file input_10.pdb (PDB, C-alpha atoms)
MODEL        1
ATOM      1  CA  MET A  22     164.705 107.285 178.904
ATOM      2  CA  ASN A  23     165.996 108.849 175.692
ATOM      3  CA  LYS A  24     168.018 105.685 174.998
ATOM      4  CA  LEU A  25     164.810 103.615 174.944
ATOM      5  CA  LEU A  26     162.796 106.030 172.832
ATOM      6  CA  VAL A  27     165.124 106.057 169.799
ATOM      7  CA  PRO A  28     165.133 102.254 169.241
ATOM      8  CA  LEU A  29     161.373 102.165 169.764
ATOM      9  CA  LEU A  30     160.811 104.836 167.106
ATOM     10  CA  ILE A  31     163.138 103.083 164.665
ATOM     11  CA  THR A  32     161.385  99.731 165.198
ATOM     12  CA  THR A  33     157.945 101.326 164.809
ATOM     13  CA  GLY A  34     159.041 103.003 161.573
ATOM     14  CA  LEU A  35     160.387  99.754 160.148
ATOM     15  CA  LEU A  36     157.253  97.821 161.052
ATOM     16  CA  SER A  37     154.908 100.407 159.585
ATOM     17  CA  GLY A  38     156.874 100.202 156.326
ATOM     18  CA  CYS A  39     156.278  96.453 156.263
ATOM     19  CA  PHE A  40     152.519  96.952 156.411
ATOM     20  CA  ASP A  41     152.391  99.284 153.418
ATOM     21  CA  LYS A  42     151.029  97.013 150.675
ATOM     22  CA  THR A  43     151.103  99.585 147.881
ATOM     23  CA  LYS A  44     152.466  98.218 144.609
ATOM     24  CA  ASN A  45     153.304 100.567 141.738
ATOM     25  CA  PHE A  46     153.772  99.525 138.130
ATOM     26  CA  VAL A  47     154.371 101.163 134.777
ATOM     27  CA  CYS A  48     152.377  99.558 131.979
ATOM     28  CA  GLU A  49     152.672 100.164 128.270
ATOM     29  CA  PHE A  50     150.631  99.031 125.303
ATOM     30  CA  SER A  51     151.809  95.701 123.957
ATOM     31  CA  ASP A  52     153.071  97.607 120.884
ATOM     32  CA  HIS A  53     155.013  99.993 123.223
ATOM     33  CA  SER A  54     153.102 103.047 121.947
ATOM     34  CA  GLY A  55     152.082 104.540 125.303
ATOM     35  CA  ARG A  56     152.524 104.225 129.074
ATOM     36  CA  THR A  57     150.017 104.129 131.924
ATOM     37  CA  SER A  58     150.535 103.797 135.666
ATOM     38  CA  LEU A  59     149.029 101.040 137.817
ATOM     39  CA  THR A  60     148.789 101.230 141.608
ATOM     40  CA  ILE A  61     147.407  98.406 143.726
ATOM     41  CA  LYS A  62     146.617  98.971 147.392
ATOM     42  CA  ASP A  63     144.183  97.301 149.793
ATOM     43  CA  ASN A  64     142.623  95.111 147.050
ATOM     44  CA  LYS A  65     141.846  98.191 144.966
ATOM     45  CA  ALA A  66     143.564  99.365 141.810
ATOM     46  CA  THR A  67     144.059 102.627 139.979
ATOM     47  CA  PHE A  68     144.942 102.247 136.332
ATOM     48  CA  GLY A  69     145.683 105.541 134.640
ATOM     49  CA  LYS A  70     142.919 107.877 135.803
ATOM     50  CA  ARG A  71     140.287 105.216 136.512
ATOM     51  CA  ASP A  72     139.771 103.674 139.940
ATOM     52  CA  TYR A  73     138.933  99.983 140.146
ATOM     53  CA  LEU A  74     137.420  99.788 143.622
ATOM     54  CA  TYR A  75     136.223  96.188 143.543
ATOM     55  CA  SER A  76     138.440  93.133 143.777
ATOM     56  CA  CYS A  77     136.479  90.630 141.706
ATOM     57  CA  LYS A  78     138.240  87.292 141.693
ATOM     58  CA  LYS A  79     141.651  85.757 141.603
ATOM     59  CA  THR A  80     142.633  82.886 139.329
ATOM     60  CA  GLY A  81     146.174  81.661 139.931
ATOM     61  CA  ASN A  82     148.412  84.708 139.457
ATOM     62  CA  VAL A  83     145.650  86.771 137.853
ATOM     63  CA  GLN A  84     143.699  89.317 139.896
ATOM     64  CA  TRP A  85     140.572  90.956 138.450
ATOM     65  CA  PHE A  86     139.436  94.453 139.464
ATOM     66  CA  GLY A  87     136.174  96.209 138.565
ATOM     67  CA  ALA A  88     135.479  99.945 138.432
ATOM     68  CA  MET A  89     131.835  99.506 139.456
ATOM     69  CA  HIS A  90     130.102  96.857 141.534
ATOM     70  CA  ASP A  91     128.476  95.347 138.426
ATOM     71  CA  SER A  92     131.770  95.398 136.509
ATOM     72  CA  CYS A  93     132.739  92.082 138.067
ATOM     73  CA  ASP A  94     129.785  90.479 136.237
ATOM     74  CA  GLY A  95     130.609  92.238 132.953
ATOM     75  CA  GLY A  96     130.500  89.881 130.023
ATOM     76  CA  TYR A  97     128.821  87.161 132.069
ATOM     77  CA  ASP A  98     125.488  88.739 132.978
ATOM     78  CA  ALA A  99     123.324  89.903 130.061
ATOM     79  CA  LYS A 100     121.635  92.484 132.328
ATOM     80  CA  VAL A 101     124.941  94.301 132.884
ATOM     81  CA  ASP A 102     125.473  96.563 129.891
ATOM     82  CA  SER A 103     128.340  98.751 131.158
ATOM     83  CA  TRP A 104     131.535  97.708 132.889
ATOM     84  CA  PHE A 105     135.236  98.450 133.268
ATOM     85  CA  LEU A 106     137.540  95.558 134.181
ATOM     86  CA  ILE A 107     141.249  94.985 134.437
ATOM     87  CA  GLU A 108     142.865  91.568 134.603
ATOM     88  CA  PHE A 109     146.389  91.770 136.018
ATOM     89  CA  ASP A 110     148.988  89.002 136.189
ATOM     90  CA  GLU A 111     151.825  90.347 138.340
ATOM     91  CA  VAL A 112     154.082  87.332 137.664
ATOM     92  CA  ALA A 113     153.805  87.518 133.860
ATOM     93  CA  GLY A 114     153.612  91.324 133.883
ATOM     94  CA  THR A 115     150.483  91.442 131.727
ATOM     95  CA  LEU A 116     147.359  93.548 132.087
ATOM     96  CA  ILE A 117     144.197  93.356 130.004
ATOM     97  CA  GLU A 118     141.702  96.194 130.163
ATOM     98  CA  THR A 119     138.177  95.402 128.998
ATOM     99  CA  SER A 120     135.250  97.798 128.959
ATOM    100  CA  GLN A 121     131.810  98.319 127.525
ATOM    101  CA  VAL A 122     129.658 101.416 127.909
ATOM    102  CA  GLY A 123     125.991 100.874 127.112
ATOM    103  CA  ALA A 124     124.163  97.879 125.681
ATOM    104  CA  LYS A 125     124.664  98.923 122.062
ATOM    105  CA  SER A 126     128.325  99.770 122.501
ATOM    106  CA  TYR A 127     131.134  97.512 121.428
ATOM    107  CA  ARG A 128     133.659  95.999 123.802
ATOM    108  CA  GLU A 129     137.031  97.632 124.048
ATOM    109  CA  HIS A 130     140.001  95.385 124.777
ATOM    110  CA  ASN A 131     143.544  96.664 125.398
ATOM    111  CA  GLU A 132     146.642  94.678 126.347
ATOM    112  CA  TYR A 133     149.586  96.038 128.314
ATOM    113  CA  LEU A 134     152.986  94.854 129.505
ATOM    114  CA  CYS A 135     153.787  95.971 133.057
ATOM    115  CA  LYS A 136     156.837  96.156 135.251
ATOM    116  CA  LYS A 137     157.377  97.364 138.811
ATOM    117  CA  ALA A 138     158.022 101.079 139.065
ATOM    118  CA  GLU A 139     161.374 102.007 140.538
TER
ENDMDL
END

call {"tool": "encode", "arguments": {"input": "input_10.pdb", "output": "structure tokens"}}
result
Amino acid sequence: MNKLLVPLLITTGLLSGCFDKTKNFVCEFSDHSGRTSLTIKDNKATFGKRDYLYSCKKTGNVQWFGAMHDSCDGGYDAKVDSWFLIEFDEVAGTLIETSQVGAKSYREHNEYLCKKAE
């Protein structure tokens, strides 16, 4: 019975590793002045210290994530005055962070270059 248990445990361990869809990246400003981590798991992203809990849309290689439910409409719906969005292209290794806080606030736009974390 012990001979059957060991291969079963090894197979189970290998299969569970295949289902882990966590992707980790290190992103830095396009001018290389600072680094931030990016983790994507289960269609959610964490960029630096902010969680982007909503998977908004995907266009080709680009996946959009929003920090709040209304973030996905940010910039498109005049009634949405605050949002936090990231636009990530895993193939090109680019990330664009866009945010606005309050109707009278200005938009902030930051560009990053990302690579898989080792």

call {"tool": "residues_around", "arguments": {"input": "input_10.pdb", "residues": "Leu116 of chain A", "least_positions_apart": "6", "cutoff": "10 Å", "atoms": "all atoms listed in the file", "output": "PyMOL selection string"}}
result
chain A and resi 48-51+59+68+83-85+107-110+131-135

call {"tool": "resolve_selection", "arguments": {"input": "input_10.pdb", "expression": "the PyMOL selection byres ((chain A and resi 44) around 12)", "output": "compact mmCIF listing (two decimals) with C-alpha atoms, in the frame of the given file"}}
result
# COMPACT_ATOMS: atom_id res chain seq x y z
CA PHE A 40 152.52 96.95 156.41
CA ASP A 41 152.39 99.28 153.42
CA LYS A 42 151.03 97.01 150.68
CA THR A 43 151.10 99.58 147.88
CA ASN A 45 153.30 100.57 141.74
CA PHE A 46 153.77 99.52 138.13
CA VAL A 47 154.37 101.16 134.78
CA SER A 58 150.54 103.80 135.67
CA LEU A 59 149.03 101.04 137.82
CA THR A 60 148.79 101.23 141.61
CA ILE A 61 147.41 98.41 143.73
CA LYS A 62 146.62 98.97 147.39
CA ASP A 63 144.18 97.30 149.79
CA ASN A 64 142.62 95.11 147.05
CA LYS A 65 141.85 98.19 144.97
CA ALA A 66 143.56 99.36 141.81
CA THR A 67 144.06 102.63 139.98
CA PHE A 68 144.94 102.25 136.33
CA GLU A 111 151.82 90.35 138.34
CA CYS A 135 153.79 95.97 133.06
CA LYS A 136 156.84 96.16 135.25
CA LYS A 137 157.38 97.36 138.81
CA ALA A 138 158.02 101.08 139.06
CA GLU A 139 161.37 102.01 140.54

call {"tool": "atom_distance", "arguments": {"input": "input_10.pdb", "atom1": "atom CA of Thr80 of chain A", "atom2": "atom CA of Phe105 of chain A"}}
result
18.3 Å

call {"tool": "atom_distance", "arguments": {"input": "input_10.pdb", "atom1": "atom CA of Tyr73 of chain A", "atom2": "atom CA of Gly87 of chain A"}}
result
4.9 Å

call {"tool": "closest_residue", "arguments": {"input": "input_10.pdb", "among": "A:Gly114, A:Gly123, A:Gly81, A:Gly55", "to": "Ala99 of chain A", "atoms": "only C-alpha atoms"}}
result
A:Gly123

call {"tool": "closest_residue", "arguments": {"input": "input_10.pdb", "among": "A:Thr57, A:Val112, A:Asp98, A:Leu106", "to": "Lys78 of chain A", "atoms": "only C-alpha atoms"}}
result
A:Leu106

call {"tool": "atom_distance", "arguments": {"input": "input_10.pdb", "atom1": "atom CA of Cys77 of chain A", "atom2": "atom CA of Cys93 of chain A"}}
result
5.4 Å

call {"tool": "resolve_selection", "arguments": {"input": "input_10.pdb", "expression": "the PyMOL selection byres ((chain A and resi 121) around 10)", "output": "PyMOL selection string"}}
result
chain A and resi 92+95-96+101-106+119-120+122-130

call {"tool": "write_last_selection", "arguments": {"input": "input_10.pdb", "atoms": "C-alpha atoms", "output": "mmCIF file, in the frame of the given file"}}
result
data_model
loop_
_atom_site.group_PDB
_atom_site.id
_atom_site.type_symbol
_atom_site.label_atom_id
_atom_site.label_comp_id
_atom_site.auth_asym_id
_atom_site.auth_seq_id
_atom_site.Cartn_x
_atom_site.Cartn_y
_atom_site.Cartn_z
ATOM 1 C CA SER A 92 131.770 95.398 136.509
ATOM 2 C CA GLY A 95 130.609 92.238 132.953
ATOM 3 C CA GLY A 96 130.500 89.881 130.023
ATOM 4 C CA VAL A 101 124.941 94.301 132.884
ATOM 5 C CA ASP A 102 125.473 96.563 129.891
ATOM 6 C CA SER A 103 128.340 98.751 131.158
ATOM 7 C CA TRP A 104 131.535 97.708 132.889
ATOM 8 C CA PHE A 105 135.236 98.450 133.268
ATOM 9 C CA LEU A 106 137.540 95.558 134.181
ATOM 10 C CA THR A 119 138.177 95.402 128.998
ATOM 11 C CA SER A 120 135.250 97.798 128.959
ATOM 12 C CA VAL A 122 129.658 101.416 127.909
ATOM 13 C CA GLY A 123 125.991 100.874 127.112
ATOM 14 C CA ALA A 124 124.163 97.879 125.681
ATOM 15 C CA LYS A 125 124.664 98.923 122.062
ATOM 16 C CA SER A 126 128.325 99.770 122.501
ATOM 17 C CA TYR A 127 131.134 97.512 121.428
ATOM 18 C CA ARG A 128 133.659 95.999 123.802
ATOM 19 C CA GLU A 129 137.031 97.632 124.048
ATOM 20 C CA HIS A 130 140.001 95.385 124.777
#

call {"tool": "closest_residue", "arguments": {"input": "input_10.pdb", "among": "A:Ala88, A:Asn82, A:Ser54, A:Tyr97", "to": "Ala113 of chain A", "atoms": "all atoms listed in the file"}}
result
A:Asn82

call {"tool": "axis_aligned_box", "arguments": {"input": "input_10.pdb", "around": "segment 125-138 of chain A", "padding_each_side": "5 Å", "output": "JSON"}}
result
{"center_x": 141.3, "center_y": 97.9, "center_z": 130.2, "size_x": 43.4, "size_y": 16.4, "size_z": 27.6}
